[in-house]
Structures are given as C-alpha cells and as structure tokens.
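Coordinates from my_file-v9.csv are shown below (CSV, C-alpha atoms).
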```csv
chain,number,residue,atom,x,y,z
A,1,MET,CA,4.8,7.5,41.1
A,2,LYS,CA,4.9,9.5,37.9
A,3,MET,CA,1.6,9.9,36.0
A,4,LYS,CA,1.5,10.0,32.3
A,5,SER,CA,0.1,13.2,30.8
A,6,GLY,CA,-0.7,14.7,27.5
A,7,PRO,CA,-0.3,12.8,24.2
A,8,GLU,CA,1.2,9.7,26.0
A,9,GLN,CA,-1.8,9.3,28.1
A,10,ALA,CA,-4.2,9.9,25.2
A,11,ALA,CA,-2.3,7.4,22.9
A,12,ALA,CA,-2.5,4.7,25.7
A,13,ALA,CA,-6.3,4.9,25.9
A,14,ILE,CA,-7.1,5.2,22.1
A,15,LEU,CA,-7.6,2.2,19.8
A,16,ILE,CA,-6.4,2.1,16.2
A,17,LYS,CA,-10.0,1.8,15.0
A,18,ASP,CA,-10.5,5.3,16.6
A,19,ILE,CA,-7.9,7.0,14.4
A,20,MET,CA,-7.7,4.8,11.2
A,21,THR,CA,-8.9,5.8,7.8
A,22,LYS,CA,-11.9,3.6,7.1
A,23,GLU,CA,-12.3,4.4,3.4
A,24,VAL,CA,-9.3,2.7,1.9
A,25,ILE,CA,-8.1,2.7,-1.7
A,26,PHE,CA,-7.3,-0.9,-2.6
A,27,ALA,CA,-6.8,-3.1,-5.6
A,28,ASN,CA,-7.7,-6.7,-6.3
A,29,PRO,CA,-5.2,-9.2,-7.6
A,30,GLU,CA,-6.3,-8.7,-11.2
A,31,THR,CA,-6.0,-4.9,-11.2
A,32,PRO,CA,-3.6,-3.8,-13.9
A,33,ILE,CA,-0.4,-2.3,-12.4
A,34,ALA,CA,-0.8,0.8,-14.6
A,35,GLU,CA,-4.1,1.4,-12.8
A,36,VAL,CA,-2.5,0.8,-9.4
A,37,ALA,CA,0.3,3.3,-10.3
A,38,LYS,CA,-2.3,5.9,-11.4
A,39,LEU,CA,-4.2,5.5,-8.1
A,40,MET,CA,-1.0,5.9,-6.1
A,41,PHE,CA,0.1,9.0,-8.1
A,42,GLU,CA,-3.3,10.7,-8.1
A,43,LYS,CA,-4.1,10.0,-4.5
A,44,ARG,CA,-0.5,10.7,-3.3
A,45,ILE,CA,-0.3,7.4,-1.4
A,46,HIS,CA,2.7,5.1,-0.9
A,47,GLY,CA,0.9,1.7,-1.0
A,48,VAL,CA,-2.3,0.0,-2.1
A,49,PRO,CA,-3.5,-3.1,-0.2
A,50,VAL,CA,-4.6,-6.0,-2.4
A,51,ILE,CA,-7.7,-7.7,-1.2
A,52,ASP,CA,-9.7,-10.7,-2.4
A,53,ASP,CA,-13.4,-11.0,-2.9
A,54,ASP,CA,-13.9,-11.7,0.8
A,55,GLN,CA,-12.2,-8.4,1.7
A,56,LYS,CA,-9.2,-10.3,3.1
A,57,ILE,CA,-5.7,-8.9,2.5
A,58,VAL,CA,-3.6,-11.0,0.1
A,59,GLY,CA,-0.8,-8.6,-0.4
A,60,ILE,CA,0.2,-5.0,-0.8
A,61,VAL,CA,1.7,-3.0,-3.7
A,62,THR,CA,4.1,-0.3,-2.6
A,63,GLU,CA,6.1,2.2,-4.5
A,64,THR,CA,9.2,0.1,-4.3
A,65,ASP,CA,7.4,-2.8,-6.0
A,66,PHE,CA,7.3,-0.8,-9.2
A,67,PHE,CA,11.1,-0.6,-9.6
A,68,THR,CA,12.5,-3.2,-11.9
A,69,LYS,CA,15.1,-5.4,-10.2
A,70,ASP,CA,17.6,-5.3,-13.0
A,71,ALA,CA,17.5,-1.6,-13.7
A,72,ALA,CA,16.9,0.3,-10.4
A,73,LEU,CA,16.7,3.6,-12.1
A,74,ILE,CA,13.7,2.8,-14.3
A,75,TYR,CA,10.4,3.5,-12.7
A,76,LEU,CA,8.1,0.9,-14.1
A,77,PRO,CA,4.9,3.0,-14.4
A,78,SER,CA,6.7,5.7,-16.3
A,79,TYR,CA,8.3,3.1,-18.5
A,80,ILE,CA,5.0,1.5,-19.3
A,81,SER,CA,3.5,4.9,-20.2
A,82,PHE,CA,6.5,5.6,-22.4
A,83,LEU,CA,6.1,2.3,-24.2
A,84,LYS,CA,2.4,2.8,-24.7
A,85,GLY,CA,2.9,6.3,-26.2
A,86,SER,CA,6.0,5.8,-28.3
A,87,LEU,CA,6.0,2.4,-30.0
A,88,PRO,CA,3.4,1.7,-32.7
A,89,PRO,CA,2.7,-2.0,-32.4
A,90,ASP,CA,2.9,-2.4,-36.1
A,91,ASN,CA,6.6,-1.7,-36.2
A,92,LEU,CA,7.5,-4.4,-33.7
A,93,SER,CA,8.7,-7.9,-34.3
A,94,PRO,CA,6.3,-10.6,-33.1
A,95,GLU,CA,8.7,-11.4,-30.2
A,96,LYS,CA,8.9,-7.7,-29.1
A,97,LYS,CA,5.1,-7.3,-29.5
A,98,ARG,CA,4.6,-10.3,-27.2
A,99,GLU,CA,7.1,-8.9,-24.6
A,100,LEU,CA,5.3,-5.5,-24.8
A,101,ASP,CA,1.9,-7.2,-24.3
A,102,GLU,CA,3.2,-9.1,-21.3
A,103,LEU,CA,4.6,-6.0,-19.7
A,104,LEU,CA,1.4,-4.0,-20.3
A,105,ASN,CA,-0.7,-6.8,-18.9
A,106,VAL,CA,1.1,-7.2,-15.6
A,107,LYS,CA,-1.4,-7.4,-12.7
A,108,ALA,CA,-1.2,-6.4,-9.0
A,109,LYS,CA,-0.8,-10.0,-8.1
A,110,ASP,CA,2.4,-10.2,-10.2
A,111,ILE,CA,4.3,-7.5,-8.3
A,112,MET,CA,2.6,-7.3,-4.9
A,113,THR,CA,4.3,-8.3,-1.7
A,114,ALA,CA,2.3,-11.3,-0.6
A,115,GLU,CA,3.3,-11.3,3.1
A,116,CYS,CA,1.6,-8.0,3.9
A,117,VAL,CA,2.1,-6.8,7.5
A,118,THR,CA,-1.2,-5.8,9.1
A,119,ILE,CA,-2.4,-4.6,12.5
A,120,LEU,CA,-5.6,-5.4,14.4
A,121,GLN,CA,-8.1,-2.6,14.8
A,122,GLU,CA,-8.4,-3.3,18.6
A,123,MET,CA,-4.7,-2.6,19.3
A,124,GLN,CA,-4.0,0.5,21.4
A,125,VAL,CA,-2.2,3.4,19.6
A,126,LYS,CA,0.6,3.1,22.2
A,127,GLY,CA,1.3,-0.4,20.8
A,128,LEU,CA,1.2,1.0,17.2
A,129,LEU,CA,3.9,3.6,18.0
A,130,GLU,CA,6.2,0.8,19.3
A,131,PHE,CA,5.4,-1.2,16.2
A,132,PHE,CA,6.2,1.7,13.9
A,133,LYS,CA,9.6,2.1,15.8
A,134,THR,CA,10.6,-1.5,15.6
A,135,THR,CA,9.5,-2.2,12.0
A,136,GLY,CA,10.2,1.1,10.2
A,137,PHE,CA,6.7,0.9,8.6
A,138,MET,CA,4.7,4.2,8.6
A,139,THR,CA,1.6,2.9,7.0
A,140,LEU,CA,-0.3,-0.3,7.8
A,141,PRO,CA,-3.5,-2.0,6.7
A,142,VAL,CA,-5.9,-2.5,9.6
A,143,THR,CA,-7.8,-5.8,9.9
A,144,ASP,CA,-10.4,-7.4,12.0
A,145,GLU,CA,-9.8,-10.8,13.6
A,146,SER,CA,-10.7,-12.6,10.3
A,147,ASN,CA,-8.0,-10.7,8.4
A,148,ARG,CA,-10.6,-8.6,6.6
A,149,MET,CA,-9.5,-5.1,5.8
A,150,VAL,CA,-11.3,-2.5,7.8
A,151,GLY,CA,-9.0,0.5,7.4
A,152,ILE,CA,-5.5,1.8,7.1
A,153,VAL,CA,-3.4,3.7,9.7
A,154,THR,CA,-0.4,5.9,9.2
A,155,LEU,CA,2.1,7.7,11.4
A,156,ALA,CA,0.2,10.9,10.3
A,157,ASP,CA,-2.9,9.5,12.0
A,158,VAL,CA,-1.0,9.2,15.2
A,159,LEU,CA,0.5,12.6,14.9
A,160,GLY,CA,-3.0,14.0,14.5
A,161,LEU,CA,-3.5,13.1,18.2
A,162,LEU,CA,-1.0,15.8,19.0
A,163,ARG,CA,-3.0,18.6,17.5
A,164,ALA,CA,-4.1,21.2,20.1
```

Starting from the file, lay out its structure as structure tokens.
Amino acid sequence: MKMKSGPEQAAAAILIKDIMTKEVIFANPETPIAEVAKLMFEKRIHGVPVIDDDQKIVGIVTETDFFTKDAALIYLPSYISFLKGSLPPDNLSPEKKRELDELLNVKAKDIMTAECVTILQEMQVKGLLEFFKTTGFMTLPVTDESNRMVGIVTLADVLGLLRA
C-alpha cells in the first residue's frame, strides 16, 4: 500500500478555514461600480464578493463583469473615468446628461453575477484542489453553513502549503 507524503498528505488534513484569508474586501449591493473598480485596481484583486446586511453573499463582481457586452474592447471603469473627466455636463443635451447620470450611478447589484459559487470553510483543501480543477475558478468566497461570508480562498493560498 502506497502512503501519501509531502504536500498531498498535508492538503488532505488541512481545512479551508486554516488557509483562507479572513479579512475580505467586499461590497454591498449599493456600492457604486466606480468604487468597486477602484478597490480591485488598488488591491490588485480579481473579484469582490457582494454581501447583504446579514453578511450573506448575494453575488460577486469580477473583472469580466466590467466589460460592456456590446463593445468588448471598452473597459467600463476606464470609460467612466474618461467620461467624468472629459465631458462638462453643461454641454450635454438633456438626454445625454440622463444617460451619463445613469452610467455613473450603476451599482454593484447592477453588474454582479448573482449566482456566486462559494465553498464551505469546513471542506478539506484536497477537495478544494479538485474543485479548482473541475470549475476553472481560482478564487472562491468561503462561507459558513448559513451562507455568511467568513473568508476567501485562492489557488495561491493552496500553493502556500508547498513552501519549504
């Protein structure tokens, strides 16, 4: 019988709650997307969980949520910044002013992916590795049994187990 050794054995015995990041950057559904974009850029993160007042996950905003569907080459946060800095509202028609106001007032709830995939904190890291392989996700919000966010786990957290 072959015994597991090294990282495989360590991953099998460790729970997600042991390696996850507990201080998570998050948004609420009413957070302006410009603020979400700024957080993602400044913190160099790929996604921001969206949680309600009970700390339950209601969605996630990822980098791809910022791309407009009809113009894939326009990065929405950059476009919003450009609009804010280059168009004096006084020179706009009432219709264009309304459209600009709508764009500048988009909230996290308007662009988030509502069906956010999460993972339970009690799962073993070995199961997480399989989950990463089958889903292609590399970052997952971590919840308790009540769907309350308690952390976030990334592939980098798992790779940290391999450090000597």

d(CA of Lys107 in chain A, CA of Phe66 in chain A) in Å: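 Separation between CA of Lys107 in chain A and CA of Phe66 in chain A: 11.5 Å.
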
Please determine, counting all atoms listed in the file, which residue among A:Asn28, A:Gln124, A:Asn105, A:Thr118 has the shortest atom-to-atom distance to Gln55 in chain A. A:Asn28

Considering only C-alpha atoms, can you say which of A:Thr139, A:Thr113, A:Asn91, A:Gln121 comes closest to Ile19 in chain A? A:Gln121

With all atoms listed in the file as the atoms that count, which of A:Leu120, A:Ile51, A:Lys22, A:Thr62 lies nearest to Leu39 in chain A?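 Ranking A:Leu120, A:Ile51, A:Lys22, A:Thr62 by distance to Leu39 in chain A, first place goes to A:Thr62.
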
When distances are computed from all atoms listed in the file, which of A:Leu92, A:Arg44, A:Met112, A:Arg98 shows the smallest separation from Pro29 in chain A?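 Looking at the shortest contact to Pro29 in chain A, the residue is A:Met112.
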
Please measure the separation of CA of Val61 in chain A and CA of Ile33 in chain A, giving the value in Å to one decimal.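 Value for the CA of Val61 in chain A-CA of Ile33 in chain A distance: 9.0 Å.
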
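For the point (1.4, 7.5, 13.5) in file coordinates, the residues within 9 Å, using all atoms listed in the file, are Val125, Leu128, Leu129, Phe132, Met138, Thr139, Val153, Thr154, Leu155, Ala156, Asp157, Val158, Leu159, Gly160 and Leu161 of chain A.
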
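CA of His46 in chain A is positioned 11.1 Å from CA of Phe137 in chain A.
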
Listed atoms of range 42-59 of chain A boxed along x, y and z, 6 Å each side, centre and edge lengths in Å, one decimal, as AutoDock Vina command-line options:
```
--center_x -5.6 --center_y -0.5 --center_z -2.5 --size_x 28.6 --size_y 34.4 --size_z 23.2
```

My list of candidates is A:Met149, A:Ile60, A:Val117, A:Val36. Which is closest to Thr135 in chain A when distances are computed with only C-alpha atoms?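 Under the stated criterion, the closest residue is A:Val117.
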
From the list A:Val150, A:Ile111, A:Ile25, A:Met20, the nearest residue to Ile45 in chain A using all atoms listed in the file is A:Ile25

Name the residues in contact with Phe41 in chain A at a cut-off of 12 Å, using only C-alpha atoms, excluding same-chain residues fewer than 5 positions from it; report them as a ChimeraX atom specification. /A:34-36,46-48,62-63,77-78
